[in-house]
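For reference, query.pdb (PDB, C-alpha atoms):
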ATOM      1  CA  MET B   1     -26.563  32.334 -55.249  1.00  0.00           C
ATOM      2  CA  PRO B   2     -25.479  32.847 -51.610  1.00  0.00           C
ATOM      3  CA  LEU B   3     -22.258  31.126 -50.569  1.00  0.00           C
ATOM      4  CA  GLY B   4     -21.229  30.452 -46.985  1.00  0.00           C
ATOM      5  CA  SER B   5     -17.890  31.306 -45.443  1.00  0.00           C
ATOM      6  CA  ASP B   6     -15.324  28.581 -44.765  1.00  0.00           C
ATOM      7  CA  VAL B   7     -15.611  26.836 -41.392  1.00  0.00           C
ATOM      8  CA  ASP B   8     -13.258  24.301 -39.821  1.00  0.00           C
ATOM      9  CA  SER B   9     -15.792  22.696 -37.490  1.00  0.00           C
ATOM     10  CA  THR B  10     -19.523  22.202 -37.095  1.00  0.00           C
ATOM     11  CA  GLN B  11     -19.098  24.070 -33.813  1.00  0.00           C
ATOM     12  CA  GLU B  12     -18.405  27.287 -35.758  1.00  0.00           C
ATOM     13  CA  THR B  13     -21.179  29.505 -37.056  1.00  0.00           C
ATOM     14  CA  GLN B  14     -21.121  29.804 -40.827  1.00  0.00           C
ATOM     15  CA  ARG B  15     -21.572  33.337 -42.086  1.00  0.00           C
ATOM     16  CA  LEU B  16     -22.620  34.580 -45.488  1.00  0.00           C
ATOM     17  CA  GLY B  17     -19.402  34.716 -47.523  1.00  0.00           C
ATOM     18  CA  SER B  18     -20.628  36.189 -50.783  1.00  0.00           C
ATOM     19  CA  VAL B  19     -23.607  36.449 -53.100  1.00  0.00           C
ATOM     20  CA  ARG B  20     -23.248  35.664 -56.803  1.00  0.00           C
ATOM     21  CA  VAL B  21     -25.778  37.206 -59.156  1.00  0.00           C
ATOM     22  CA  TYR B  22     -26.274  35.808 -62.661  1.00  0.00           C
ATOM     23  CA  PRO B  23     -28.133  38.610 -64.481  1.00  0.00           C
ATOM     24  CA  GLY B  24     -30.552  38.269 -67.367  1.00  0.00           C
ATOM     25  CA  ALA B  25     -33.916  38.261 -65.611  1.00  0.00           C
ATOM     26  CA  ASN B  26     -35.518  39.252 -62.331  1.00  0.00           C
ATOM     27  CA  GLY B  27     -34.877  36.717 -59.600  1.00  0.00           C
ATOM     28  CA  GLY B  28     -35.087  36.042 -55.914  1.00  0.00           C
ATOM     29  CA  PHE B  29     -33.804  33.811 -53.170  1.00  0.00           C
ATOM     30  CA  THR B  30     -34.851  33.206 -49.570  1.00  0.00           C
ATOM     31  CA  LEU B  31     -32.259  32.678 -46.835  1.00  0.00           C
ATOM     32  CA  PHE B  32     -33.229  30.977 -43.577  1.00  0.00           C
ATOM     33  CA  GLU B  33     -30.938  31.287 -40.554  1.00  0.00           C
ATOM     34  CA  ASP B  34     -31.271  29.519 -37.222  1.00  0.00           C
ATOM     35  CA  ASP B  35     -28.931  28.800 -34.314  1.00  0.00           C
ATOM     36  CA  GLY B  36     -27.701  25.594 -35.959  1.00  0.00           C
ATOM     37  CA  LYS B  37     -27.711  23.697 -32.670  1.00  0.00           C
ATOM     38  CA  THR B  38     -31.250  23.224 -31.412  1.00  0.00           C
ATOM     39  CA  TYR B  39     -34.713  22.427 -32.718  1.00  0.00           C
ATOM     40  CA  ALA B  40     -35.961  25.964 -32.002  1.00  0.00           C
ATOM     41  CA  TYR B  41     -36.721  26.392 -35.722  1.00  0.00           C
ATOM     42  CA  GLU B  42     -39.615  23.944 -35.248  1.00  0.00           C
ATOM     43  CA  LYS B  43     -41.260  26.525 -32.983  1.00  0.00           C
ATOM     44  CA  GLY B  44     -40.584  29.530 -35.205  1.00  0.00           C
ATOM     45  CA  GLY B  45     -37.003  30.272 -34.142  1.00  0.00           C
ATOM     46  CA  GLY B  46     -34.779  31.716 -36.830  1.00  0.00           C
ATOM     47  CA  SER B  47     -34.991  34.507 -39.365  1.00  0.00           C
ATOM     48  CA  ILE B  48     -35.785  34.828 -43.045  1.00  0.00           C
ATOM     49  CA  THR B  49     -34.106  37.224 -45.477  1.00  0.00           C
ATOM     50  CA  THR B  50     -35.325  37.676 -49.043  1.00  0.00           C
ATOM     51  CA  LEU B  51     -32.807  38.656 -51.732  1.00  0.00           C
ATOM     52  CA  THR B  52     -34.290  40.186 -54.895  1.00  0.00           C
ATOM     53  CA  TRP B  53     -32.473  40.950 -58.151  1.00  0.00           C
ATOM     54  CA  ASP B  54     -34.061  43.732 -60.242  1.00  0.00           C
ATOM     55  CA  GLU B  55     -32.752  43.275 -63.787  1.00  0.00           C
ATOM     56  CA  ALA B  56     -33.939  46.686 -65.052  1.00  0.00           C
ATOM     57  CA  ALA B  57     -32.199  48.526 -62.198  1.00  0.00           C
ATOM     58  CA  HIS B  58     -29.286  46.035 -62.160  1.00  0.00           C
ATOM     59  CA  ARG B  59     -29.573  46.006 -58.363  1.00  0.00           C
ATOM     60  CA  LEU B  60     -29.745  43.444 -55.548  1.00  0.00           C
ATOM     61  CA  THR B  61     -31.897  44.350 -52.569  1.00  0.00           C
ATOM     62  CA  HIS B  62     -32.676  42.495 -49.352  1.00  0.00           C
ATOM     63  CA  ASP B  63     -35.484  42.493 -46.849  1.00  0.00           C
ATOM     64  CA  GLY B  64     -36.050  40.594 -43.657  1.00  0.00           C
ATOM     65  CA  GLY B  65     -34.214  39.053 -40.758  1.00  0.00           C
ATOM     66  CA  ALA B  66     -30.821  39.243 -39.146  1.00  0.00           C
ATOM     67  CA  ALA B  67     -29.017  37.748 -42.138  1.00  0.00           C
ATOM     68  CA  SER B  68     -29.672  40.975 -44.024  1.00  0.00           C
ATOM     69  CA  SER B  69     -27.146  42.792 -41.825  1.00  0.00           C
ATOM     70  CA  GLU B  70     -24.510  40.336 -43.049  1.00  0.00           C
ATOM     71  CA  LEU B  71     -25.410  41.068 -46.665  1.00  0.00           C
ATOM     72  CA  ASP B  72     -24.091  44.603 -46.244  1.00  0.00           C
ATOM     73  CA  LYS B  73     -20.690  43.134 -45.355  1.00  0.00           C
ATOM     74  CA  ALA B  74     -20.790  40.412 -48.008  1.00  0.00           C
ATOM     75  CA  THR B  75     -19.232  40.685 -51.426  1.00  0.00           C
ATOM     76  CA  VAL B  76     -21.910  40.870 -54.100  1.00  0.00           C
ATOM     77  CA  VAL B  77     -20.503  39.626 -57.407  1.00  0.00           C
ATOM     78  CA  VAL B  78     -22.448  40.098 -60.650  1.00  0.00           C
ATOM     79  CA  ILE B  79     -21.393  37.362 -63.101  1.00  0.00           C
ATOM     80  CA  GLY B  80     -21.416  38.335 -66.784  1.00  0.00           C
ATOM     81  CA  LYS B  81     -23.144  41.273 -68.475  1.00  0.00           C
TER      82      LYS B  81
END

Target format structure tokens, applied to this file:
Amino acid sequence: MPLGSDVDSTQETQRLGSVRVYPGANGGFTLFEDDGKTYAYEKGGGSITTLTWDEAAHRLTHDGGAASSELDKATVVVIGK
């Protein structure tokens, strides 16, 4: 479950604050990021990042757009097990 960073205003860009993983089975999540100000997403603007949890390897991987660079800086927290 991706969680955004705290923001004080809608004028601020919200970054990826952390990712919580609840293990027990393989899982995935898709993040979509756009500029948050325009309708450019309607014409394909924005990026998609796919997060994938591999239960056997006990590992979270990511593939895709610009948000994936933030994942490297984010805190990944595995809940339980």

> Exactly which residues make up the result of the PyMOL selection byres ((chain B and resi 34) around 8) on this file, given as a list of chain:residue names?
Replying inline: B:Phe32, B:Glu33, B:Asp35, B:Gly36, B:Ala40, B:Tyr41, B:Gly45, B:Gly46, B:Ser47

Quick one: axis-aligned box around all listed atoms of range 3-10 of chain B, 3 Å on every side, centre and edge lengths in Å to one decimal, written as JSON.
{"center_x": -17.8, "center_y": 26.8, "center_z": -43.8, "size_x": 15.0, "size_y": 15.1, "size_z": 19.5}

> At most 9 Å from (-27.1, 34.9, -58.1), file frame, all atoms listed in the file: which residues, as a list in words?
Replying inline: Met1, Pro2, Val19, Arg20, Val21, Tyr22, Pro23, Gly27, Gly28, Phe29, Trp53, Val76, Val77, Val78 and Ile79 of chain B

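Across the structure, CA of Asp63 in chain B and CA of Val7 in chain B are spaced 25.9 Å apart.
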
>> Just the number, please: distance in Å from CA of Thr30 in chain B to CA of Gln14 in chain B, one decimal.
In response: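 Taking CA of Thr30 in chain B and CA of Gln14 in chain B, their separation equals 16.6 Å.
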
> Once the PyMOL selection byres ((chain B and resi 50) around 7) has been applied to the shown file, what residues remain in the selection, as a PyMOL selection string?
Replying inline: chain B and resi 29-31+48-49+51-52+62-64

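Reported to one decimal place, the separation of CA of Leu3 in chain B from CA of Tyr39 in chain B is 23.4 Å.
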
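Taken over the whole file, the PyMOL selection byres ((chain B and resi 17) around 7) covers exactly Leu3, Gly4, Ser5, Arg15, Leu16, Ser18 and Ala74 of chain B.
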